[in-house]
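Chemist: Contents of entry-v9.cif (mmCIF, C-alpha atoms) are given next:
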data_model
#
loop_
_atom_site.label_atom_id
_atom_site.label_comp_id
_atom_site.auth_asym_id
_atom_site.auth_seq_id
_atom_site.Cartn_x
_atom_site.Cartn_y
_atom_site.Cartn_z
CA MET A 1 -18.10 3.04 -19.30
CA SER A 2 -14.39 2.68 -20.04
CA ILE A 3 -11.65 0.19 -19.28
CA VAL A 4 -8.77 2.23 -17.90
CA GLY A 5 -5.34 0.67 -17.51
CA TYR A 6 -2.55 1.40 -15.08
CA THR A 7 1.02 0.16 -15.49
CA ARG A 8 4.16 0.60 -13.41
CA VAL A 9 7.79 -0.42 -13.38
CA SER A 10 10.22 0.26 -10.57
CA THR A 11 13.02 2.08 -12.42
CA GLN A 12 13.52 4.33 -15.42
CA ASP A 13 15.63 1.59 -17.06
CA GLN A 14 12.69 -0.81 -17.28
CA ASN A 15 10.10 -0.58 -20.02
CA LEU A 16 6.32 -0.78 -19.86
CA HIS A 17 5.77 -2.39 -23.25
CA SER A 18 4.65 -5.85 -22.13
CA GLN A 19 2.17 -4.45 -19.59
CA ILE A 20 0.78 -1.90 -22.05
CA ASP A 21 0.42 -4.53 -24.77
CA ALA A 22 -1.44 -6.89 -22.41
CA LEU A 23 -3.80 -4.18 -21.15
CA THR A 24 -4.47 -2.93 -24.67
CA ALA A 25 -5.26 -6.46 -25.84
CA ALA A 26 -7.68 -6.77 -22.90
CA GLY A 27 -9.57 -3.68 -24.03
CA ALA A 28 -7.98 -0.80 -22.12
CA GLU A 29 -8.89 2.46 -23.85
CA HIS A 30 -6.78 4.76 -21.70
CA ILE A 31 -3.55 3.76 -19.98
CA TYR A 32 -1.68 5.66 -17.26
CA SER A 33 1.86 4.75 -16.26
CA ASP A 34 4.57 5.34 -13.68
CA LYS A 35 8.26 4.54 -13.66
CA ILE A 36 8.78 4.64 -9.94
CA THR A 37 9.10 2.23 -7.03
CA GLY A 38 5.85 1.12 -5.41
CA LYS A 39 7.31 2.21 -2.06
CA ASN A 40 6.93 5.81 -3.18
CA ALA A 41 3.47 7.10 -2.27
CA ALA A 42 3.75 9.94 -4.81
CA ARG A 43 2.87 8.31 -8.13
CA PRO A 44 1.74 10.96 -10.65
CA GLY A 45 0.42 8.43 -13.16
CA LEU A 46 -1.76 6.71 -10.57
CA THR A 47 -2.99 10.05 -9.28
CA GLU A 48 -4.10 11.08 -12.79
CA CYS A 49 -5.64 7.66 -13.35
CA MET A 50 -7.71 7.91 -10.18
CA LYS A 51 -8.90 11.39 -11.22
CA PHE A 52 -9.92 10.13 -14.66
CA LEU A 53 -11.97 7.13 -13.48
CA ARG A 54 -15.73 7.57 -13.42
CA ARG A 55 -18.64 5.51 -12.11
CA GLY A 56 -19.08 2.43 -14.28
CA ASP A 57 -15.43 2.36 -15.39
CA THR A 58 -13.07 -0.54 -14.69
CA LEU A 59 -9.48 -0.12 -13.56
CA LEU A 60 -7.34 -2.80 -15.20
CA VAL A 61 -3.83 -3.77 -14.09
CA TYR A 62 -1.46 -6.53 -15.19
CA SER A 63 -1.01 -7.64 -11.57
CA THR A 64 -1.80 -6.22 -8.15
CA ASP A 65 1.87 -5.57 -7.34
CA ARG A 66 1.78 -2.91 -10.06
CA LEU A 67 -0.96 -1.08 -8.13
CA GLY A 68 0.32 -1.30 -4.54
CA ARG A 69 3.36 -2.53 -2.64
CA SER A 70 1.25 -4.57 -0.22
CA MET A 71 -2.16 -6.18 -0.01
CA THR A 72 -3.22 -3.47 2.44
CA ASP A 73 -2.41 -0.79 -0.14
CA VAL A 74 -4.31 -2.65 -2.87
CA VAL A 75 -7.33 -3.20 -0.64
CA THR A 76 -7.39 0.50 0.31
CA ILE A 77 -7.28 1.64 -3.32
CA VAL A 78 -9.84 -0.89 -4.54
CA ALA A 79 -12.19 -0.08 -1.65
CA GLU A 80 -11.99 3.61 -2.57
CA LEU A 81 -12.80 2.73 -6.18
CA GLY A 82 -15.74 0.63 -5.06
CA GLU A 83 -17.18 3.57 -3.15
CA ARG A 84 -17.01 5.56 -6.37
CA GLY A 85 -18.71 2.83 -8.39
CA VAL A 86 -15.50 1.84 -10.21
CA GLU A 87 -14.69 -1.85 -10.75
CA PHE A 88 -11.23 -3.42 -10.53
CA LYS A 89 -9.61 -6.27 -12.44
CA SER A 90 -6.16 -7.90 -12.54
CA LEU A 91 -5.16 -9.77 -15.68
CA THR A 92 -2.99 -12.34 -13.93
CA GLU A 93 -4.84 -12.91 -10.63
CA PRO A 94 -8.42 -13.77 -9.65
CA PHE A 95 -9.18 -10.17 -8.68
CA ASP A 96 -12.21 -9.10 -10.69
CA THR A 97 -14.94 -7.17 -8.92
CA THR A 98 -17.09 -7.31 -12.06
CA THR A 99 -17.82 -10.97 -11.24
CA ALA A 100 -19.34 -12.51 -8.12
CA GLY A 101 -16.42 -14.91 -7.62
CA GLY A 102 -13.81 -12.20 -8.13
CA GLU A 103 -15.56 -9.87 -5.73
CA LEU A 104 -15.76 -12.61 -3.10
CA PHE A 105 -12.04 -13.31 -3.48
CA PHE A 106 -11.28 -9.62 -3.01
CA HIS A 107 -13.37 -9.43 0.16
CA ILE A 108 -11.58 -12.48 1.58
CA CYS A 109 -8.20 -10.85 0.92
CA ALA A 110 -9.45 -7.58 2.40
CA ALA A 111 -10.52 -9.41 5.56
CA PHE A 112 -7.06 -10.97 5.93
CA ALA A 113 -5.39 -7.58 5.39
CA GLN A 114 -7.61 -6.03 8.06
CA MET A 115 -6.85 -8.88 10.45
CA ASN A 116 -3.13 -8.43 9.88
CA GLY A 117 -3.44 -4.72 10.68
CA ARG A 118 -5.20 -5.53 13.95
CA ILE A 119 -2.53 -8.07 14.88
CA ILE A 120 0.16 -5.43 14.31
CA SER A 121 -1.74 -2.94 16.49
CA GLU A 122 -2.23 -5.49 19.27
CA ARG A 123 1.46 -6.42 19.26
CA THR A 124 2.40 -2.75 19.35
CA ARG A 125 0.11 -2.02 22.30
CA ALA A 126 1.47 -5.07 24.11
CA GLY A 127 5.04 -3.88 23.54
CA LEU A 128 4.26 -0.40 24.85
CA ALA A 129 2.46 -1.81 27.89
CA SER A 130 5.43 -4.07 28.63
CA ALA A 131 7.85 -1.16 28.41
CA LYS A 132 5.67 0.92 30.71
CA ALA A 133 5.45 -1.92 33.21
CA ARG A 134 9.24 -2.10 33.33
CA GLY A 135 9.11 1.42 34.72
CA ARG A 136 9.82 4.48 32.68
CA LEU A 137 9.59 7.05 35.52
CA GLY A 138 10.34 10.77 35.61
CA GLY A 139 8.95 13.80 33.82
CA ARG A 140 6.32 13.88 31.14
CA PRO A 141 7.46 11.60 28.29
CA THR A 142 7.72 12.84 24.75
CA VAL A 143 5.23 11.55 22.16
CA MET A 144 7.86 9.44 20.42
CA THR A 145 9.51 7.62 23.29
CA PRO A 146 12.51 5.34 22.67
CA GLU A 147 10.12 2.38 22.76
CA ARG A 148 7.87 3.93 20.13
CA ILE A 149 10.87 4.83 17.99
CA ALA A 150 12.13 1.24 18.19
CA ILE A 151 8.72 -0.10 17.19
CA ALA A 152 8.39 2.46 14.38
CA ARG A 153 11.86 1.56 13.12
CA ARG A 154 10.97 -2.14 13.06
CA MET A 155 7.60 -1.57 11.36
CA ARG A 156 9.19 0.70 8.76
CA ALA A 157 11.83 -1.96 8.07
CA GLU A 158 8.95 -4.38 7.51
CA LYS A 159 7.60 -1.91 4.94
CA ASP A 160 4.53 -0.72 6.83
CA THR A 161 3.22 2.66 5.67
CA TRP A 162 3.67 5.83 7.73
CA GLU A 163 -0.09 5.86 8.30
CA THR A 164 -0.11 2.26 9.57
CA ILE A 165 2.77 2.96 11.95
CA ALA A 166 1.20 6.16 13.27
CA GLY A 167 -2.13 4.40 13.80
CA ALA A 168 -0.51 1.53 15.66
CA LEU A 169 1.42 3.92 17.90
CA GLN A 170 -1.56 6.28 18.26
CA VAL A 171 0.51 9.31 17.28
CA GLY A 172 0.55 11.64 14.29
CA VAL A 173 2.24 10.72 11.01
CA SER A 174 4.46 13.81 11.27
CA SER A 175 5.69 12.68 14.69
CA VAL A 176 6.77 9.33 13.28
CA ARG A 177 8.46 10.93 10.29
CA ARG A 178 10.37 13.40 12.47
CA ALA A 179 11.48 10.69 14.89
CA LEU A 180 12.92 8.57 12.06
CA ALA A 181 14.29 11.50 10.06
CA GLU A 182 17.85 10.70 11.14
CA GLU A 183 17.45 6.95 10.65
CA PRO A 184 19.27 5.17 7.79
CA ASP A 185 17.33 4.21 4.65
CA LEU A 186 15.51 1.24 6.12
CA GLU A 187 13.49 0.57 3.00
CA ALA A 188 16.64 0.06 0.96
CA ALA A 189 18.26 -2.17 3.56
CA ALA A 190 15.24 -4.17 4.70
CA PRO A 191 14.41 -7.60 3.23
CA ASP A 192 11.21 -7.74 1.22
CA ARG A 193 8.62 -9.57 3.29
CA SER A 194 5.90 -9.45 0.64
CA PRO A 195 7.51 -10.77 -2.57
CA ALA A 196 4.24 -10.92 -4.49
CA LEU A 197 3.37 -7.26 -3.88
CA SER A 198 6.65 -5.43 -3.38
CA ARG A 199 8.15 -4.58 -6.72
#
Would you mind giving the structure from this file in structure tokens?

Modeler:
Amino acid sequence: MSIVGYTRVSTQDQNLHSQIDALTAAGAEHIYSDKITGKNAARPGLTECMKFLRRGDTLLVYSTDRLGRSMTDVVTIVAELGERGVEFKSLTEPFDTTTAGGELFFHICAAFAQMNGRIISERTRAGLASAKARGRLGGRPTVMTPERIAIARRMRAEKDTWETIAGALQVGVSSVRRALAEEPDLEAAAPDRSPALSR
């Protein structure tokens, strides 16, 4: 059973020293790192870390915003680890699935994240139903209608993942990506709505 650390900073100009020192002091035997924004789903260091972890190991991070850009992302990753028998602990927050209290706290946060996802889906369905009621008549509509594109644009600006948007719109991820391919860089322009988990 090993304590495996993961660290991340958002740009190449930042250094990982303080995170690495803290994780090492806490007992991390192996540490994987990324110098890349959390908005980028392709994180080589995290991918290698996830491959290395084995049943009985503990993934240790300095804070949850180093692991995921949103609570939904963190919950998804930690749930996957739990299925593999891997524990999770944050040094600066009460996330510690090795303890009863820490595990309870995680499940409470997971429940709120799930509820938020359902609220987004319900609002999306209501918006689509309203648009339909206003009468979009004519030939067979395309998968990504103007209404869906508008909703996808707004959700992307609010930093929802491609998978979350596609699920809410009940279309494929590739359809959403293609529809927004010509859109401006919304992630760069959008305000950060989750300051604790966005860096």

Chemist: Given all atoms listed in the file as the basis, pick out the residue of A:Leu16, A:Thr164, A:Leu23, A:Ala152 nearest to Val176 (chain A).

Modeler: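 Using all atoms listed in the file, the shortest distance to Val176 (chain A) belongs to A:Ala152.
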
Chemist: Return the single residue from A:Ser174, A:Val4, A:Thr124, A:Ser70 that is closest to Arg154 (chain A), with distances computed using all atoms listed in the file.

Modeler: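 Under the stated criterion, the closest residue is A:Thr124.
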
Chemist: To one decimal place, how far is CA of Gln170 (chain A) from CA of Met155 (chain A) in Å?

Modeler: 13.9 Å

Chemist: Run the PyMOL selection byres ((chain A and resi 27) around 12) against the file shown and list the residues it catches, as a list in words.

Modeler: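 Applying the PyMOL selection byres ((chain A and resi 27) around 12) to the structure shown produces Met1, Ser2, Ile3, Val4, Gly5, Ile20, Asp21, Ala22, Leu23, Thr24, Ala25, Ala26, Ala28, Glu29, His30, Ile31, Thr58, Leu59, Leu60, Val61, Lys89 and Leu91 of chain A.
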
Chemist: So what do you get for CA of Thr47 (chain A) versus CA of Asp34 (chain A), distance-wise?

Modeler: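 Here the two named atoms are 9.9 Å from each other.
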
Chemist: If you measure from CA of Lys159 (chain A) to CA of Ala126 (chain A), what distance in Å do you get, rounded to one decimal?

Modeler: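 About the pair CA of Lys159 (chain A) and CA of Ala126 (chain A): they are 20.4 Å apart.
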
Chemist: Give me, as a PyMOL selection string, all polymer residues having an atom no more than 10 Å from Val143 (chain A), counting only C-alpha atoms and skipping those fewer than 4 positions away in the same chain.

Modeler: chain A and resi 148-149+169-172+175-176+179

Chemist: Kindly save the residues from that selection, with C-alpha atoms included, as an mmCIF file, keeping the file's coordinate frame.

Modeler:
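Output file out.cif follows:
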data_model
loop_
_atom_site.group_PDB
_atom_site.id
_atom_site.type_symbol
_atom_site.label_atom_id
_atom_site.label_comp_id
_atom_site.auth_asym_id
_atom_site.auth_seq_id
_atom_site.Cartn_x
_atom_site.Cartn_y
_atom_site.Cartn_z
ATOM 1 C CA ARG A 148 7.870 3.930 20.130
ATOM 2 C CA ILE A 149 10.870 4.830 17.990
ATOM 3 C CA LEU A 169 1.420 3.920 17.900
ATOM 4 C CA GLN A 170 -1.560 6.280 18.260
ATOM 5 C CA VAL A 171 0.510 9.310 17.280
ATOM 6 C CA GLY A 172 0.550 11.640 14.290
ATOM 7 C CA SER A 175 5.690 12.680 14.690
ATOM 8 C CA VAL A 176 6.770 9.330 13.280
ATOM 9 C CA ALA A 179 11.480 10.690 14.890
#

Chemist: As a check of understanding, name the residues that the PyMOL selection byres ((chain A and resi 67) around 8) selects in the supplied structure, as a PyMOL selection string.

Modeler: chain A and resi 6-8+38+61+63-66+68-69+74

Chemist: Measuring between all atoms listed in the file, which one of A:Glu158, A:Glu48, A:Glu103, A:Glu147 shows the shortest distance to Val75 (chain A)?

Modeler: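 Of A:Glu158, A:Glu48, A:Glu103, A:Glu147, the one nearest Val75 (chain A) is A:Glu103, counting all atoms listed in the file.
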
Chemist: Let me know the centre plus edge lengths, in Å and rounded to one decimal, of a box with edges along x, y and z that contains all listed atoms of region 146-154 of chain A and is padded by 8 Å on every side, as JSON.

Modeler:
{"center_x": 10.2, "center_y": 1.6, "center_z": 17.9, "size_x": 20.6, "size_y": 23.5, "size_z": 25.7}

Chemist: Which neighbours of Pro94 (chain A) fall inside 12 Å, counting only C-alpha atoms, when residues of the same chain fewer than 2 positions from it are skipped, and could you give them as a VMD selection string?

Modeler: chain A and resid 61 to 64 88 to 92 96 to 109

Chemist: Which residue, A:Ile151, A:Lys35, A:Val173, A:Arg84, has the smallest gap to Asn15 (chain A) when you use only C-alpha atoms?

Modeler: A:Lys35

Chemist: Could you tell me which of A:Ala181, A:Ile77, A:Met71, A:Val86 comes closest to Leu46 (chain A) if we count all atoms listed in the file?

Modeler: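 Comparing A:Ala181, A:Ile77, A:Met71, A:Val86 against Leu46 (chain A), the winner is A:Ile77.
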